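target00.csv follows (CSV, C-alpha atoms and all ligand atoms):
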chain,number,residue,atom,x,y,z
A,1,MET,CA,-5.4,-27.4,-28.1
A,2,LYS,CA,-3.8,-28.5,-24.9
A,3,SER,CA,-0.4,-29.0,-26.6
A,4,THR,CA,-0.6,-25.5,-28.0
A,5,THR,CA,-1.1,-24.1,-24.5
A,6,VAL,CA,1.9,-26.0,-23.2
A,7,PHE,CA,4.0,-24.8,-26.0
A,8,SER,CA,3.0,-21.2,-25.5
A,9,SER,CA,3.8,-21.4,-21.8
A,10,ALA,CA,7.2,-22.8,-22.6
A,11,VAL,CA,7.9,-20.1,-25.1
A,12,LEU,CA,6.8,-17.4,-22.6
A,13,LEU,CA,8.9,-18.9,-19.8
A,14,ALA,CA,11.9,-19.0,-22.1
A,15,ALA,CA,11.4,-15.4,-23.2
A,16,CYS,CA,11.1,-14.3,-19.6
A,17,CYS,CA,14.2,-16.1,-18.6
A,18,ALA,CA,16.1,-14.7,-21.5
A,19,ALA,CA,15.0,-11.2,-20.7
A,20,GLY,CA,15.8,-11.6,-17.0
A,21,VAL,CA,12.2,-10.7,-16.0
A,22,THR,CA,11.5,-11.2,-12.4
A,23,GLN,CA,8.1,-12.6,-11.4
A,24,ALA,CA,6.2,-9.8,-9.8
A,25,ALA,CA,2.8,-9.7,-8.2
A,26,ALA,CA,-0.4,-9.0,-10.1
A,27,ILE,CA,-1.2,-5.4,-9.0
A,28,THR,CA,-4.6,-3.9,-9.3
A,29,GLN,CA,-5.0,-0.1,-8.8
A,30,LEU,CA,-7.8,0.8,-6.3
A,31,SER,CA,-9.7,4.1,-6.9
A,32,GLY,CA,-10.8,4.6,-3.3
A,33,PRO,CA,-11.5,3.1,0.1
A,34,GLY,CA,-14.7,1.6,-1.4
A,35,ASP,CA,-12.7,-0.8,-3.5
A,36,PHE,CA,-11.3,-2.7,-0.5
A,37,VAL,CA,-12.8,-6.2,-0.3
A,38,ALA,CA,-10.7,-7.7,2.5
A,39,GLY,CA,-12.6,-9.3,5.4
A,40,THR,CA,-10.4,-7.4,7.9
A,41,ILE,CA,-9.6,-3.8,7.2
A,42,ILE,CA,-7.5,-1.6,9.5
A,43,VAL,CA,-7.4,2.2,9.2
A,44,GLU,CA,-5.1,4.7,10.9
A,45,ASP,CA,-6.4,8.3,10.9
A,46,PHE,CA,-3.5,9.8,12.9
A,47,GLU,CA,-6.0,11.8,15.0
A,48,SER,CA,-4.7,10.4,18.3
A,49,GLY,CA,-1.2,11.7,17.7
A,50,THR,CA,0.3,15.1,18.5
A,51,ALA,CA,1.2,17.4,15.6
A,52,GLY,CA,4.9,17.8,15.3
A,53,SER,CA,5.7,14.6,17.2
A,54,PRO,CA,6.5,11.1,15.9
A,55,PRO,CA,3.5,8.8,15.5
A,56,ALA,CA,3.1,5.9,18.0
A,57,ASP,CA,3.6,2.5,16.3
A,58,THR,CA,0.4,0.4,16.5
A,59,ALA,CA,-0.2,-3.3,16.5
A,60,GLN,CA,-0.3,-3.3,12.7
A,61,PHE,CA,1.9,-0.4,11.7
A,62,THR,CA,5.5,0.5,12.3
A,63,PHE,CA,6.5,4.0,11.2
A,64,GLU,CA,9.9,5.4,10.3
A,65,ALA,CA,11.9,7.6,12.6
A,66,THR,CA,11.5,10.4,10.0
A,67,ALA,CA,7.7,10.3,10.1
A,68,GLU,CA,5.8,12.9,12.2
A,69,VAL,CA,2.1,13.6,12.9
A,70,ALA,CA,1.4,16.7,10.9
A,71,SER,CA,-1.3,19.4,11.1
A,72,ALA,CA,-3.5,19.7,8.0
A,73,SER,CA,-3.7,23.4,8.7
A,74,THR,CA,0.1,23.7,8.1
A,75,TRP,CA,0.6,21.1,5.3
A,76,THR,CA,-2.6,20.7,3.3
A,77,SER,CA,-4.4,24.1,3.5
A,78,ASN,CA,-6.5,22.6,6.3
A,79,VAL,CA,-8.1,19.9,4.0
A,80,THR,CA,-7.6,16.2,4.7
A,81,SER,CA,-9.8,13.1,4.6
A,82,SER,CA,-10.2,12.9,8.4
A,83,GLY,CA,-10.0,15.3,11.3
A,84,THR,CA,-7.1,17.8,11.5
A,85,ARG,CA,-4.0,15.6,11.3
A,86,GLY,CA,-2.1,13.2,8.9
A,87,LEU,CA,1.4,11.9,8.6
A,88,ARG,CA,4.3,13.7,7.0
A,89,GLU,CA,7.8,12.5,5.9
A,90,LEU,CA,10.3,14.9,7.5
A,91,ILE,CA,12.9,14.6,4.8
A,92,ALA,CA,12.0,16.0,1.4
A,93,ASN,CA,12.9,13.6,-1.4
A,94,GLU,CA,12.5,10.6,0.8
A,95,PRO,CA,9.6,8.0,0.6
A,96,MET,CA,7.3,7.4,3.5
A,97,VAL,CA,7.9,3.8,4.4
A,98,ILE,CA,5.5,1.8,6.6
A,99,LEU,CA,5.9,-1.7,7.8
A,100,PHE,CA,3.0,-4.1,8.4
A,101,THR,CA,3.0,-6.5,11.3
A,102,THR,CA,0.5,-8.8,9.6
A,103,PRO,CA,0.9,-9.0,5.8
A,104,VAL,CA,-1.8,-7.3,3.7
A,105,LEU,CA,-3.2,-7.7,0.2
A,106,GLU,CA,-4.6,-4.2,-0.1
A,107,VAL,CA,-3.1,-0.8,0.9
A,108,GLY,CA,-4.0,2.8,0.3
A,109,ALA,CA,-4.2,6.3,1.7
A,110,THR,CA,-5.2,9.8,1.0
A,111,PHE,CA,-2.3,12.0,-0.1
A,112,GLY,CA,-1.7,15.7,-0.3
A,113,ASN,CA,0.8,18.5,0.3
A,114,ASP,CA,0.8,18.9,-3.5
A,115,ASP,CA,1.5,22.6,-3.7
A,116,PHE,CA,0.4,24.8,-6.6
A,117,ASN,CA,2.4,25.0,-9.8
A,118,LEU,CA,4.0,21.6,-9.4
A,119,SER,CA,3.0,18.8,-11.8
A,120,PHE,CA,4.1,15.3,-10.5
A,121,ASP,CA,2.9,11.8,-9.8
A,122,ALA,CA,2.4,10.3,-6.4
A,123,MET,CA,3.6,6.7,-6.2
A,124,LEU,CA,2.8,3.8,-4.0
A,125,LYS,CA,5.4,0.9,-4.1
A,126,VAL,CA,4.9,-2.4,-2.2
A,127,TYR,CA,7.4,-5.0,-1.0
A,128,ASP,CA,7.3,-8.6,0.3
A,129,ALA,CA,8.8,-9.9,3.5
A,130,ALA,CA,12.2,-10.2,1.8
A,131,ASN,CA,12.0,-6.6,0.6
A,132,ASN,CA,11.5,-7.6,-3.0
A,133,SER,CA,9.5,-5.2,-5.0
A,134,LEU,CA,6.0,-6.5,-5.8
A,135,GLY,CA,4.9,-3.5,-8.0
A,136,SER,CA,3.6,0.0,-7.8
A,137,VAL,CA,0.8,2.4,-8.9
A,138,GLN,CA,0.8,6.1,-9.5
A,139,VAL,CA,-1.6,9.0,-9.5
A,140,ALA,CA,-1.1,12.5,-11.0
A,141,ALA,CA,-1.3,15.0,-8.2
A,142,ASN,CA,-4.0,17.6,-8.7
A,143,SER,CA,-1.7,20.3,-7.2
A,144,ASN,CA,-4.4,22.1,-5.1
A,145,ASP,CA,-2.4,21.5,-1.9
A,146,TYR,CA,-5.4,19.6,-0.3
A,147,ALA,CA,-5.0,16.0,0.9
A,148,ASP,CA,-8.0,15.1,-1.4
A,149,GLN,CA,-6.8,12.2,-3.6
A,150,PHE,CA,-6.5,8.5,-3.0
A,151,ILE,CA,-3.8,6.1,-4.0
A,152,GLY,CA,-4.0,2.4,-3.4
A,153,LEU,CA,-3.6,-1.1,-4.8
A,154,ARG,CA,-4.3,-4.7,-4.4
A,155,SER,CA,-1.7,-7.5,-4.8
A,156,ASP,CA,-2.1,-11.2,-5.2
A,157,VAL,CA,1.1,-11.7,-3.1
A,158,PRO,CA,1.2,-10.7,0.6
A,159,ILE,CA,2.7,-7.2,1.2
A,160,SER,CA,5.0,-6.6,4.2
A,161,SER,CA,5.8,-2.9,3.6
A,162,ALA,CA,4.7,0.1,1.5
A,163,ALA,CA,6.4,3.3,0.4
A,164,PHE,CA,4.5,6.4,-0.5
A,165,THR,CA,6.7,8.8,-2.6
A,166,TYR,CA,6.4,11.8,-4.9
A,167,GLU,CA,8.1,11.8,-8.3
A,168,ARG,CA,11.3,13.7,-8.2
A,169,PRO,CA,12.6,16.1,-9.3
A,170,ALA,CA,9.1,17.3,-10.4
A,171,ALA,CA,7.8,17.4,-6.8
A,172,GLU,CA,10.9,19.5,-5.8
A,173,GLN,CA,11.1,19.6,-2.0
A,174,LEU,CA,7.5,18.7,-1.1
A,175,SER,CA,7.2,16.3,1.9
A,176,VAL,CA,4.9,13.4,1.4
A,177,PHE,CA,1.7,13.8,3.5
A,178,ILE,CA,-0.8,10.9,3.9
A,179,ASP,CA,-3.9,10.4,5.9
A,180,ASP,CA,-6.3,7.5,6.6
A,181,LEU,CA,-3.8,4.8,5.9
A,182,ARG,CA,-5.9,1.7,5.1
A,183,VAL,CA,-4.9,-1.9,4.7
A,184,GLY,CA,-6.8,-5.1,4.0
A,185,LEU,CA,-5.3,-8.1,5.7
A,186,VAL,CA,-4.5,-11.4,4.0
A,187,PRO,CA,-7.5,-13.7,4.9
A,188,GLU,CA,-6.8,-16.3,7.5
A,189,PRO,CA,-7.8,-19.9,6.6
A,190,SER,CA,-11.4,-20.6,7.5
A,191,ALA,CA,-12.1,-22.7,10.6
A,192,ALA,CA,-13.4,-25.4,8.3
A,193,ALA,CA,-10.1,-25.4,6.3
A,194,LEU,CA,-8.0,-25.5,9.5
A,195,ALA,CA,-10.0,-28.4,10.8
A,196,CYS,CA,-9.5,-30.3,7.6
A,197,ILE,CA,-5.8,-29.6,7.6
A,198,ALA,CA,-5.5,-30.7,11.2
A,199,ALA,CA,-7.4,-33.8,10.5
A,200,ALA,CA,-6.0,-34.5,7.0
A,201,GLY,CA,-5.7,-38.2,7.8
A,202,LEU,CA,-9.4,-38.3,8.4
A,203,CYS,CA,-10.5,-35.9,5.5
A,204,PHE,CA,-8.8,-37.7,2.7
A,205,PRO,CA,-9.9,-41.3,3.4
A,206,ALA,CA,-13.4,-39.8,3.7
A,207,ARG,CA,-13.1,-38.2,0.3
A,208,ARG,CA,-11.9,-41.5,-1.2
A,209,ARG,CA,-14.8,-43.4,0.2
A,210,ALA,CA,-17.2,-40.7,-1.1
A,211,GLY,CA,-15.7,-41.0,-4.6
B,301,CA,CA,1.5,22.3,1.6
B,302,CA,CA,-6.6,12.4,9.9
B,303,CA,CA,-4.5,17.6,-3.7
As structure tokens - that is how I would like this structure written.
Ligand SMILES: [Ca+2]
Ligand SMILES: [Ca+2]
Ligand SMILES: [Ca+2]
Amino acid sequence: MKSTTVFSSAVLLAACCAAGVTQAAAITQLSGPGDFVAGTIIVEDFESGTAGSPPADTAQFTFEATAEVASASTWTSNVTSSGTRGLRELIANEPMVILFTTPVLEVGATFGNDDFNLSFDAMLKVYDAANNSLGSVQVAANSNDYADQFIGLRSDVPISSAAFTYERPAAEQLSVFIDDLRVGLVPEPSAAALACIAAAGLCFPARRRAG
């Protein structure tokens, strides 16, 4: 049984190498904010910004120069998941890229500005610290022009940046609009684990004695 497993793994590895497959993260799509399980969750609701002005970077989030705080009354028929404002990408056809100061394992947001008569997917793509793609998820926009849908994911590899984008050319010139940007941080080692690492010379002899 064991030799069969080893053989299968070897065959799989050889097949992957032959096909040039890059090892990507395991990505799980999240259906809403309630799916987040991280111990530390940070949410930006964009309510402290001024509509029509660039958002202020926060301790966790760095925004692009082409991002602006946007009024829901202008961009999403006055419907968004919090308050009266969200974040809009100024350049149509461009993704909304957000950098994370502390790496995360979960990311998501409400999206909208999905005007009538257009049928397209919203996409969320995530990247590691070296800007390698870790994977993506997509959601079909309901095209009611409300920011009333969620897109999010969980990765088993730390995420350093995320890009929200609309499928082109189907989305034509629609600007990406997001609200309630939510991330779940990579858990820090527990105090007990840190103490054990710091005192490894003490921990391991103790384990041997116990065994
Ligand atoms: Ca709109
Ligand atoms: Ca808001
Ligand atoms: Ca919508």
query = Just how far from atom CA of A:Val157 is atom CA of A:Phe177, in Å to one decimal?
reply =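 Separation of atom CA of A:Phe177 and atom CA of A:Val157: 26.3 Å.
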Enumerate, in order of chain and increasing residue number, the residues of chain A with an atom no farther than 9 Å from ligand CA 302 (chain B), each with its shortest atom pair and distance in Å to one decimal, counting all atoms listed in the file, as a Markdown table.
| residue | atom | partner | partner_atom | distance |
| --- | --- | --- | --- | --- |
| A:Glu44 | CA | B:CA302 | CA | 7.9 |
| A:Asp45 | CA | B:CA302 | CA | 4.2 |
| A:Phe46 | CA | B:CA302 | CA | 5.0 |
| A:Glu47 | CA | B:CA302 | CA | 5.2 |
| A:Ser48 | CA | B:CA302 | CA | 8.8 |
| A:Ser71 | CA | B:CA302 | CA | 8.9 |
| A:Ala72 | CA | B:CA302 | CA | 8.2 |
| A:Thr80 | CA | B:CA302 | CA | 6.5 |
| A:Ser81 | CA | B:CA302 | CA | 6.2 |
| A:Ser82 | CA | B:CA302 | CA | 3.9 |
| A:Gly83 | CA | B:CA302 | CA | 4.7 |
| A:Thr84 | CA | B:CA302 | CA | 5.7 |
| A:Arg85 | CA | B:CA302 | CA | 4.4 |
| A:Gly86 | CA | B:CA302 | CA | 4.7 |
| A:Leu87 | CA | B:CA302 | CA | 8.1 |
| A:Ile178 | CA | B:CA302 | CA | 8.5 |
| A:Asp179 | CA | B:CA302 | CA | 5.2 |
| A:Asp180 | CA | B:CA302 | CA | 5.9 |
inquiry  = So that I can see what lies close to A:Thr40, please list as a list in words the residues with an atom at most 8 Å from it, counting only C-alpha atoms and leaving out residues fewer than 6 positions away in the same chain.
reply    =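 Near A:Thr40, the qualifying residues are Gly184, Leu185 and Pro187 of chain A.
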Residues just named, written with C-alpha atoms as a compact mmCIF listing (two decimals), in the frame of the given file:
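File out01.txt, as written:
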# COMPACT_ATOMS: atom_id res chain seq x y z
CA GLY A 184 -6.80 -5.10 4.00
CA LEU A 185 -5.30 -8.10 5.70
CA PRO A 187 -7.50 -13.70 4.90
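Rounded to one decimal, atom CA of A:Asp114 and atom CA of A:Gly49 lie 22.5 Å from each other.
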request  = Figure out the distance between atom CA of A:Thr101 and atom CA of A:Ile159, please, to one decimal in Å.
outcome  =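 Those two atoms sit 10.1 Å apart.
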Using all atoms listed in the file, what table do you get, as a tab-separated table, when you list each residue of chain A with an atom no more than 8 Å from ligand CA 301 (chain B), its nearest pair of atoms, and their distance in Å rounded to one decimal, rows by chain then rising number?
residue	atom	partner	partner_atom	distance
A:Thr74	CA	B:CA301	CA	6.8
A:Trp75	CA	B:CA301	CA	4.0
A:Thr76	CA	B:CA301	CA	4.7
A:Ser77	CA	B:CA301	CA	6.5
A:Gly112	CA	B:CA301	CA	7.6
A:Asn113	CA	B:CA301	CA	4.1
A:Asp114	CA	B:CA301	CA	6.2
A:Asp115	CA	B:CA301	CA	5.3
A:Asp145	CA	B:CA301	CA	5.3
A:Tyr146	CA	B:CA301	CA	7.6
A:Leu174	CA	B:CA301	CA	7.5
ask   = Which polymer residues have any atom within 10 Å of an atom of A:Asp128, counting only C-alpha atoms, with same-chain residues fewer than 5 positions away left out, as a list of chain:residue names?
value =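 That gives A:Ala25, A:Pro103, A:Val104, A:Ser133, A:Leu134, A:Val157, A:Pro158, A:Ile159, A:Ser160, A:Ser161, A:Ala162.
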message = So, with only C-alpha atoms as the atoms that count, which of A:Asp148, A:Glu188, A:Met96, A:Phe116 lies closest to A:Thr165?
response = A:Met96
task = Give me the residues within 12 Å of A:Phe164 as an MDAnalysis selection string, counting all atoms listed in the file and dropping any in the same chain fewer than 6 places off.
result = chainID A and resid 67 87:89 93:99 107:112 121:127 136:139 150:153 175:179 181
Keeping C-alpha atoms, export the residues of the selection given above as a PDB file, in the frame of the given file.
ATOM      1  CA  ALA A  67       7.700  10.300  10.100  1.00  0.00           C
ATOM      2  CA  LEU A  87       1.400  11.900   8.600  1.00  0.00           C
ATOM      3  CA  ARG A  88       4.300  13.700   7.000  1.00  0.00           C
ATOM      4  CA  GLU A  89       7.800  12.500   5.900  1.00  0.00           C
ATOM      5  CA  ASN A  93      12.900  13.600  -1.400  1.00  0.00           C
ATOM      6  CA  GLU A  94      12.500  10.600   0.800  1.00  0.00           C
ATOM      7  CA  PRO A  95       9.600   8.000   0.600  1.00  0.00           C
ATOM      8  CA  MET A  96       7.300   7.400   3.500  1.00  0.00           C
ATOM      9  CA  VAL A  97       7.900   3.800   4.400  1.00  0.00           C
ATOM     10  CA  ILE A  98       5.500   1.800   6.600  1.00  0.00           C
ATOM     11  CA  LEU A  99       5.900  -1.700   7.800  1.00  0.00           C
ATOM     12  CA  VAL A 107      -3.100  -0.800   0.900  1.00  0.00           C
ATOM     13  CA  GLY A 108      -4.000   2.800   0.300  1.00  0.00           C
ATOM     14  CA  ALA A 109      -4.200   6.300   1.700  1.00  0.00           C
ATOM     15  CA  THR A 110      -5.200   9.800   1.000  1.00  0.00           C
ATOM     16  CA  PHE A 111      -2.300  12.000  -0.100  1.00  0.00           C
ATOM     17  CA  GLY A 112      -1.700  15.700  -0.300  1.00  0.00           C
ATOM     18  CA  ASP A 121       2.900  11.800  -9.800  1.00  0.00           C
ATOM     19  CA  ALA A 122       2.400  10.300  -6.400  1.00  0.00           C
ATOM     20  CA  MET A 123       3.600   6.700  -6.200  1.00  0.00           C
ATOM     21  CA  LEU A 124       2.800   3.800  -4.000  1.00  0.00           C
ATOM     22  CA  LYS A 125       5.400   0.900  -4.100  1.00  0.00           C
ATOM     23  CA  VAL A 126       4.900  -2.400  -2.200  1.00  0.00           C
ATOM     24  CA  TYR A 127       7.400  -5.000  -1.000  1.00  0.00           C
ATOM     25  CA  SER A 136       3.600   0.000  -7.800  1.00  0.00           C
ATOM     26  CA  VAL A 137       0.800   2.400  -8.900  1.00  0.00           C
ATOM     27  CA  GLN A 138       0.800   6.100  -9.500  1.00  0.00           C
ATOM     28  CA  VAL A 139      -1.600   9.000  -9.500  1.00  0.00           C
ATOM     29  CA  PHE A 150      -6.500   8.500  -3.000  1.00  0.00           C
ATOM     30  CA  ILE A 151      -3.800   6.100  -4.000  1.00  0.00           C
ATOM     31  CA  GLY A 152      -4.000   2.400  -3.400  1.00  0.00           C
ATOM     32  CA  LEU A 153      -3.600  -1.100  -4.800  1.00  0.00           C
ATOM     33  CA  SER A 175       7.200  16.300   1.900  1.00  0.00           C
ATOM     34  CA  VAL A 176       4.900  13.400   1.400  1.00  0.00           C
ATOM     35  CA  PHE A 177       1.700  13.800   3.500  1.00  0.00           C
ATOM     36  CA  ILE A 178      -0.800  10.900   3.900  1.00  0.00           C
ATOM     37  CA  ASP A 179      -3.900  10.400   5.900  1.00  0.00           C
ATOM     38  CA  LEU A 181      -3.800   4.800   5.900  1.00  0.00           C
TER      39      LEU A 181
END
Kindly output stretch 35-61 of chain A as a PDB file, keeping the file's coordinate frame, after building N, CA, C and O atoms.
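The resulting file, rebuild-v5.pdb, is reproduced below:
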ATOM      1  N   ASP A  35     -13.135   0.379  -2.740  1.00  0.00           N
ATOM      2  CA  ASP A  35     -12.700  -0.800  -3.500  1.00  0.00           C
ATOM      3  C   ASP A  35     -12.082  -1.875  -2.697  1.00  0.00           C
ATOM      4  O   ASP A  35     -11.779  -2.944  -3.223  1.00  0.00           O
ATOM      5  N   PHE A  36     -11.896  -1.629  -1.399  1.00  0.00           N
ATOM      6  CA  PHE A  36     -11.300  -2.700  -0.500  1.00  0.00           C
ATOM      7  C   PHE A  36     -12.323  -3.788  -0.344  1.00  0.00           C
ATOM      8  O   PHE A  36     -13.491  -3.530  -0.071  1.00  0.00           O
ATOM      9  N   VAL A  37     -11.857  -5.035  -0.463  1.00  0.00           N
ATOM     10  CA  VAL A  37     -12.800  -6.200  -0.300  1.00  0.00           C
ATOM     11  C   VAL A  37     -12.329  -7.117   0.812  1.00  0.00           C
ATOM     12  O   VAL A  37     -13.006  -8.099   1.086  1.00  0.00           O
ATOM     13  N   ALA A  38     -11.201  -6.841   1.453  1.00  0.00           N
ATOM     14  CA  ALA A  38     -10.700  -7.700   2.500  1.00  0.00           C
ATOM     15  C   ALA A  38     -11.697  -7.865   3.634  1.00  0.00           C
ATOM     16  O   ALA A  38     -12.434  -6.916   3.951  1.00  0.00           O
ATOM     17  N   GLY A  39     -11.707  -9.041   4.254  1.00  0.00           N
ATOM     18  CA  GLY A  39     -12.600  -9.300   5.400  1.00  0.00           C
ATOM     19  C   GLY A  39     -12.210  -8.454   6.602  1.00  0.00           C
ATOM     20  O   GLY A  39     -13.058  -8.052   7.399  1.00  0.00           O
ATOM     21  N   THR A  40     -10.898  -8.209   6.766  1.00  0.00           N
ATOM     22  CA  THR A  40     -10.400  -7.400   7.900  1.00  0.00           C
ATOM     23  C   THR A  40      -9.659  -6.200   7.349  1.00  0.00           C
ATOM     24  O   THR A  40      -8.655  -6.348   6.638  1.00  0.00           O
ATOM     25  N   ILE A  41     -10.177  -5.014   7.658  1.00  0.00           N
ATOM     26  CA  ILE A  41      -9.600  -3.800   7.200  1.00  0.00           C
ATOM     27  C   ILE A  41      -9.172  -2.952   8.425  1.00  0.00           C
ATOM     28  O   ILE A  41      -9.939  -2.848   9.388  1.00  0.00           O
ATOM     29  N   ILE A  42      -7.964  -2.410   8.404  1.00  0.00           N
ATOM     30  CA  ILE A  42      -7.500  -1.600   9.500  1.00  0.00           C
ATOM     31  C   ILE A  42      -7.159  -0.201   8.942  1.00  0.00           C
ATOM     32  O   ILE A  42      -6.526  -0.078   7.887  1.00  0.00           O
ATOM     33  N   VAL A  43      -7.636   0.842   9.657  1.00  0.00           N
ATOM     34  CA  VAL A  43      -7.400   2.200   9.200  1.00  0.00           C
ATOM     35  C   VAL A  43      -6.761   3.015  10.337  1.00  0.00           C
ATOM     36  O   VAL A  43      -7.166   2.917  11.489  1.00  0.00           O
ATOM     37  N   GLU A  44      -5.731   3.768   9.995  1.00  0.00           N
ATOM     38  CA  GLU A  44      -5.100   4.700  10.900  1.00  0.00           C
ATOM     39  C   GLU A  44      -5.337   6.105  10.461  1.00  0.00           C
ATOM     40  O   GLU A  44      -4.929   6.471   9.364  1.00  0.00           O
ATOM     41  N   ASP A  45      -6.025   6.905  11.318  1.00  0.00           N
ATOM     42  CA  ASP A  45      -6.400   8.300  10.900  1.00  0.00           C
ATOM     43  C   ASP A  45      -5.475   9.352  11.480  1.00  0.00           C
ATOM     44  O   ASP A  45      -5.655  10.535  11.195  1.00  0.00           O
ATOM     45  N   PHE A  46      -4.532   8.940  12.338  1.00  0.00           N
ATOM     46  CA  PHE A  46      -3.500   9.800  12.900  1.00  0.00           C
ATOM     47  C   PHE A  46      -4.123  10.902  13.835  1.00  0.00           C
ATOM     48  O   PHE A  46      -3.426  11.834  14.222  1.00  0.00           O
ATOM     49  N   GLU A  47      -5.392  10.752  14.206  1.00  0.00           N
ATOM     50  CA  GLU A  47      -6.000  11.800  15.000  1.00  0.00           C
ATOM     51  C   GLU A  47      -5.588  11.685  16.512  1.00  0.00           C
ATOM     52  O   GLU A  47      -5.729  12.649  17.257  1.00  0.00           O
ATOM     53  N   SER A  48      -5.064  10.525  16.936  1.00  0.00           N
ATOM     54  CA  SER A  48      -4.700  10.400  18.300  1.00  0.00           C
ATOM     55  C   SER A  48      -3.252  10.910  18.580  1.00  0.00           C
ATOM     56  O   SER A  48      -2.794  10.996  19.721  1.00  0.00           O
ATOM     57  N   GLY A  49      -2.534  11.269  17.513  1.00  0.00           N
ATOM     58  CA  GLY A  49      -1.200  11.700  17.700  1.00  0.00           C
ATOM     59  C   GLY A  49      -1.107  13.239  17.938  1.00  0.00           C
ATOM     60  O   GLY A  49      -2.115  13.948  17.872  1.00  0.00           O
ATOM     61  N   THR A  50       0.099  13.703  18.261  1.00  0.00           N
ATOM     62  CA  THR A  50       0.300  15.100  18.500  1.00  0.00           C
ATOM     63  C   THR A  50       1.098  15.712  17.334  1.00  0.00           C
ATOM     64  O   THR A  50       2.176  15.206  16.968  1.00  0.00           O
ATOM     65  N   ALA A  51       0.541  16.756  16.736  1.00  0.00           N
ATOM     66  CA  ALA A  51       1.200  17.400  15.600  1.00  0.00           C
ATOM     67  C   ALA A  51       2.598  17.804  15.928  1.00  0.00           C
ATOM     68  O   ALA A  51       2.834  18.400  16.984  1.00  0.00           O
ATOM     69  N   GLY A  52       3.544  17.466  15.066  1.00  0.00           N
ATOM     70  CA  GLY A  52       4.900  17.800  15.300  1.00  0.00           C
ATOM     71  C   GLY A  52       5.712  16.766  16.056  1.00  0.00           C
ATOM     72  O   GLY A  52       6.913  16.923  16.277  1.00  0.00           O
ATOM     73  N   SER A  53       5.039  15.683  16.448  1.00  0.00           N
ATOM     74  CA  SER A  53       5.700  14.600  17.200  1.00  0.00           C
ATOM     75  C   SER A  53       5.656  13.308  16.366  1.00  0.00           C
ATOM     76  O   SER A  53       4.806  13.152  15.495  1.00  0.00           O
ATOM     77  N   PRO A  54       6.550  12.372  16.665  1.00  0.00           N
ATOM     78  CA  PRO A  54       6.500  11.100  15.900  1.00  0.00           C
ATOM     79  C   PRO A  54       5.206  10.356  16.244  1.00  0.00           C
ATOM     80  O   PRO A  54       4.687  10.456  17.355  1.00  0.00           O
ATOM     81  N   PRO A  55       4.708   9.601  15.275  1.00  0.00           N
ATOM     82  CA  PRO A  55       3.500   8.800  15.500  1.00  0.00           C
ATOM     83  C   PRO A  55       3.859   7.590  16.391  1.00  0.00           C
ATOM     84  O   PRO A  55       4.986   7.093  16.326  1.00  0.00           O
ATOM     85  N   ALA A  56       2.924   7.142  17.197  1.00  0.00           N
ATOM     86  CA  ALA A  56       3.100   5.900  18.000  1.00  0.00           C
ATOM     87  C   ALA A  56       2.906   4.724  17.028  1.00  0.00           C
ATOM     88  O   ALA A  56       1.951   4.712  16.249  1.00  0.00           O
ATOM     89  N   ASP A  57       3.802   3.741  17.105  1.00  0.00           N
ATOM     90  CA  ASP A  57       3.600   2.500  16.300  1.00  0.00           C
ATOM     91  C   ASP A  57       2.291   1.850  16.890  1.00  0.00           C
ATOM     92  O   ASP A  57       1.950   1.998  18.058  1.00  0.00           O
ATOM     93  N   THR A  58       1.603   1.116  16.043  1.00  0.00           N
ATOM     94  CA  THR A  58       0.400   0.400  16.500  1.00  0.00           C
ATOM     95  C   THR A  58       0.630  -1.088  16.331  1.00  0.00           C
ATOM     96  O   THR A  58       1.713  -1.519  15.922  1.00  0.00           O
ATOM     97  N   ALA A  59      -0.368  -1.884  16.648  1.00  0.00           N
ATOM     98  CA  ALA A  59      -0.200  -3.300  16.500  1.00  0.00           C
ATOM     99  C   ALA A  59       0.063  -3.740  15.091  1.00  0.00           C
ATOM    100  O   ALA A  59       0.751  -4.726  14.831  1.00  0.00           O
ATOM    101  N   GLN A  60      -0.438  -2.971  14.134  1.00  0.00           N
ATOM    102  CA  GLN A  60      -0.300  -3.300  12.700  1.00  0.00           C
ATOM    103  C   GLN A  60       0.787  -2.507  12.000  1.00  0.00           C
ATOM    104  O   GLN A  60       1.402  -2.994  11.063  1.00  0.00           O
ATOM    105  N   PHE A  61       1.010  -1.247  12.429  1.00  0.00           N
ATOM    106  CA  PHE A  61       1.900  -0.400  11.700  1.00  0.00           C
ATOM    107  C   PHE A  61       3.138   0.033  12.443  1.00  0.00           C
ATOM    108  O   PHE A  61       3.061   0.409  13.616  1.00  0.00           O
TER     109      PHE A  61
END
